[in-house]
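Enquirer: Dumping the structure here so I can ask a few things about it.
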Amino acid sequence: MTGQHDQTGESDTWIPDDEWEAIVANVPLVSVDLVIRHEGGVILGLRENEPARGEWFVPGGTVFKNETLTDAVHRVADEELGVDVTIESRLGTFEHFYDTSEVDGIGSKHYLATAFEVTLDDDTLQVDAQHSELKVFEPPYEDLHPYVERYLQALD
């Protein structure tokens with residue numbers, strides 16, 4: 001099964017593929033993105049999946065039903081980096097429109113992503129399956145994905 005997780009209270013469940021396809025085809029996805037300040041820059045991951053495959057991007061993920069945004073930040077940090085984070089600030093909510101999707105037959109994806117500036121509670125990072133590597137980018141930031149650039153501008 002390749003559907004996405006949904007949290008419905010006490011336990012995680014999988015959204016069946018056909019339902020996930022209907023969701024991606026018809027509604028924006030609510031997500032959180034982590035702008036991780038570290039060693040004078042920000043940590044980005046080289047994405048292995050759509051959307052933004054092959055781009056350096058901030059870690060992030062879909063918010064589960066009945067999950068607060070701050071709980072989602074901590075879950076995403078644990079799942080994608082293997083560490084917890086401290087939330088420093090909320091940068092705002094951003095719209096992301098992609099002309100690709102991981103779902104066959106659906107050629108676009110729309111996110112409402114709330115970005116959080118965070119710092120690591122532990123420097124021992126683990127790369128997940130969504131990223132082939134993690135790297136610290138330092139200013140001046142150049143040639144990054146436009147959505148990442150918007151986040152970095154919001155830090156100033």
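Scheme for the structure tokens: letters A, B, ... for chains in order shown; per-chain residue numbers from 1; ligand numbers from 1 in order shown.
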Identify all residues of chain A in strand (DSSP E or B) (DSSP on the backbone) and supply them as number ranges by chain.
Expert: A: 5-7, 12-14, 29-38, 41-47, 56-57, 60-62, 85-98, 109-120, 131-137
Enquirer: With C-alpha atoms kept, could you save the residues just selected as a tab-separated table (two decimals), in the first residue's frame?
Expert:
chain	number	residue	atom	x	y	z
A	5	HIS	CA	-0.64	8.46	6.73
A	6	ASP	CA	-3.53	10.04	8.52
A	7	GLN	CA	-3.76	10.39	12.28
A	12	ASP	CA	-1.91	6.10	12.65
A	13	THR	CA	-3.86	4.65	9.72
A	14	TRP	CA	-3.19	4.51	6.02
A	29	LEU	CA	-2.68	19.53	1.36
A	30	VAL	CA	-2.06	21.10	4.75
A	31	SER	CA	1.61	20.71	5.68
A	32	VAL	CA	4.45	21.99	7.82
A	33	ASP	CA	7.94	22.86	6.59
A	34	LEU	CA	11.00	23.13	8.82
A	35	VAL	CA	13.50	25.90	8.15
A	36	ILE	CA	16.36	24.58	10.26
A	37	ARG	CA	18.95	27.15	11.35
A	38	HIS	CA	22.32	25.48	11.88
A	41	GLY	CA	23.00	28.63	7.62
A	42	VAL	CA	20.05	26.32	7.04
A	43	ILE	CA	19.86	22.57	6.56
A	44	LEU	CA	18.32	21.39	3.29
A	45	GLY	CA	17.75	17.89	1.97
A	46	LEU	CA	18.21	16.69	-1.61
A	47	ARG	CA	14.73	15.40	-2.48
A	56	TRP	CA	17.47	21.07	-2.24
A	57	PHE	CA	14.43	21.63	-0.04
A	60	GLY	CA	8.38	18.89	5.72
A	61	GLY	CA	5.27	16.81	5.71
A	62	THR	CA	1.51	16.62	5.67
A	85	VAL	CA	13.74	20.44	17.30
A	86	THR	CA	12.99	23.64	19.17
A	87	ILE	CA	10.51	25.92	17.45
A	88	GLU	CA	11.96	29.44	17.33
A	89	SER	CA	9.25	31.17	15.28
A	90	ARG	CA	6.37	30.67	12.90
A	91	LEU	CA	7.24	32.20	9.52
A	92	GLY	CA	3.72	32.09	8.11
A	93	THR	CA	1.65	30.04	5.71
A	94	PHE	CA	2.72	29.74	2.08
A	95	GLU	CA	0.98	28.36	-1.00
A	96	HIS	CA	2.96	25.91	-3.10
A	97	PHE	CA	1.80	24.86	-6.57
A	98	TYR	CA	3.63	22.05	-8.35
A	109	LYS	CA	-0.08	19.15	-6.34
A	110	HIS	CA	-1.14	22.08	-4.14
A	111	TYR	CA	0.08	22.66	-0.58
A	112	LEU	CA	-0.79	25.13	2.15
A	113	ALA	CA	2.50	24.93	4.04
A	114	THR	CA	3.08	26.60	7.37
A	115	ALA	CA	6.81	27.20	7.77
A	116	PHE	CA	8.55	27.15	11.13
A	117	GLU	CA	12.04	28.38	11.97
A	118	VAL	CA	13.56	25.66	14.16
A	119	THR	CA	16.88	24.68	15.73
A	120	LEU	CA	18.13	21.15	16.35
A	131	HIS	CA	16.35	12.67	0.94
A	132	SER	CA	19.62	11.33	-0.47
A	133	GLU	CA	21.64	13.75	1.67
A	134	LEU	CA	21.41	16.69	4.04
A	135	LYS	CA	23.62	19.76	3.77
A	136	VAL	CA	24.06	23.13	5.47
A	137	PHE	CA	23.64	26.05	3.07
Enquirer: Go through A:Pro140, A:Ala52, A:Tyr147, A:Ile15 and flag the residue nearest Phe64 in chain A, using only C-alpha atoms for the distances.
Expert: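 Of A:Pro140, A:Ala52, A:Tyr147, A:Ile15, the one nearest Phe64 in chain A is A:Ile15, counting only C-alpha atoms.
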Enquirer: Pick out the closest residue to His145 in chain A from this set: A:Leu125, A:Val58, A:Val63, A:Val83. Count only C-alpha atoms.
Expert: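 Counting only C-alpha atoms, the residue closest to His145 in chain A is A:Val58.
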Enquirer: CA of Val76 in chain A and CA of Asp156 in chain A are how many Å apart?
Expert: 24.0 Å
Enquirer: If DSSP is run on the backbone, what residues of range 34-118 of chain A are helix (DSSP H, G or I)? A reply as an mmCIF file with C-alpha atoms, in the first residue's frame would be ideal.
Expert:
data_model
loop_
_atom_site.group_PDB
_atom_site.id
_atom_site.type_symbol
_atom_site.label_atom_id
_atom_site.label_comp_id
_atom_site.auth_asym_id
_atom_site.auth_seq_id
_atom_site.Cartn_x
_atom_site.Cartn_y
_atom_site.Cartn_z
ATOM 1 C CA LEU A 69 0.850 22.164 13.674
ATOM 2 C CA THR A 70 3.464 22.148 16.427
ATOM 3 C CA ASP A 71 2.987 18.410 17.004
ATOM 4 C CA ALA A 72 3.416 17.919 13.248
ATOM 5 C CA VAL A 73 6.703 19.860 13.352
ATOM 6 C CA HIS A 74 8.095 17.541 16.030
ATOM 7 C CA ARG A 75 6.834 14.384 14.253
ATOM 8 C CA VAL A 76 8.317 15.471 10.902
ATOM 9 C CA ALA A 77 11.654 16.288 12.566
ATOM 10 C CA ASP A 78 11.720 12.837 14.137
ATOM 11 C CA GLU A 79 10.623 10.985 10.975
ATOM 12 C CA GLU A 80 12.777 12.860 8.462
ATOM 13 C CA LEU A 81 15.836 13.745 10.582
#
Enquirer: Got a sec: who's within 7 Å of Pro51 in chain A, counting only C-alpha atoms, leaving out chain neighbours fewer than 6 positions off, as a PyMOL selection string?
Expert: chain A and resi 98+100-102
Enquirer: Store the residues picked out above, limited to N, CA and C atoms, as a PDB file, in the first residue's frame.
Expert:
ATOM      1  N   TYR A  98       2.681  22.854  -7.585  1.00  0.00           N
ATOM      2  CA  TYR A  98       3.631  22.045  -8.352  1.00  0.00           C
ATOM      3  C   TYR A  98       2.936  21.474  -9.580  1.00  0.00           C
ATOM      4  N   THR A 100       3.860  18.673 -10.828  1.00  0.00           N
ATOM      5  CA  THR A 100       4.162  17.247 -10.748  1.00  0.00           C
ATOM      6  C   THR A 100       3.512  16.675  -9.494  1.00  0.00           C
ATOM      7  N   SER A 101       3.417  15.360  -9.460  1.00  0.00           N
ATOM      8  CA  SER A 101       2.861  14.654  -8.311  1.00  0.00           C
ATOM      9  C   SER A 101       3.417  13.241  -8.310  1.00  0.00           C
ATOM     10  N   GLU A 102       3.421  12.609  -7.137  1.00  0.00           N
ATOM     11  CA  GLU A 102       3.844  11.215  -7.053  1.00  0.00           C
ATOM     12  C   GLU A 102       2.711  10.260  -7.433  1.00  0.00           C
TER      13      GLU A 102
END
Enquirer: Could you check how far CA of Ala22 in chain A sits from CA of Glu50 in chain A, in Å to one decimal?
Expert: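 Distance reported for this atom pair: 17.1 Å.
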Enquirer: What's the separation between CA of Lys65 in chain A and CA of Trp20 in chain A, in Å to one decimal place?
Expert: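 According to the coordinates, CA of Lys65 in chain A and CA of Trp20 in chain A are separated by 13.7 Å.
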Enquirer: Pick from A:Glu67, A:Asp17, A:Glu55, A:Asp121: nearest to Asp143 in chain A, with only C-alpha atoms counted?
Expert: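 Looking at the shortest contact to Asp143 in chain A, the residue is A:Glu55.
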Enquirer: Neighbouring residues of range 104-106 of chain A were defined as those with any atom within 9 Å, considering only C-alpha atoms; residues of the same chain fewer than 6 positions away were excluded. Please report them as a list in words.
Expert: Glu21, Val24 and Ala25 of chain A
Enquirer: I need the residue nearest Arg53 in chain A from this list: A:Asp99, A:Val127, A:Ala154, A:Pro139. Use only C-alpha atoms for the distance.
Expert: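 Of A:Asp99, A:Val127, A:Ala154, A:Pro139, the one nearest Arg53 in chain A, counting only C-alpha atoms, is A:Asp99.
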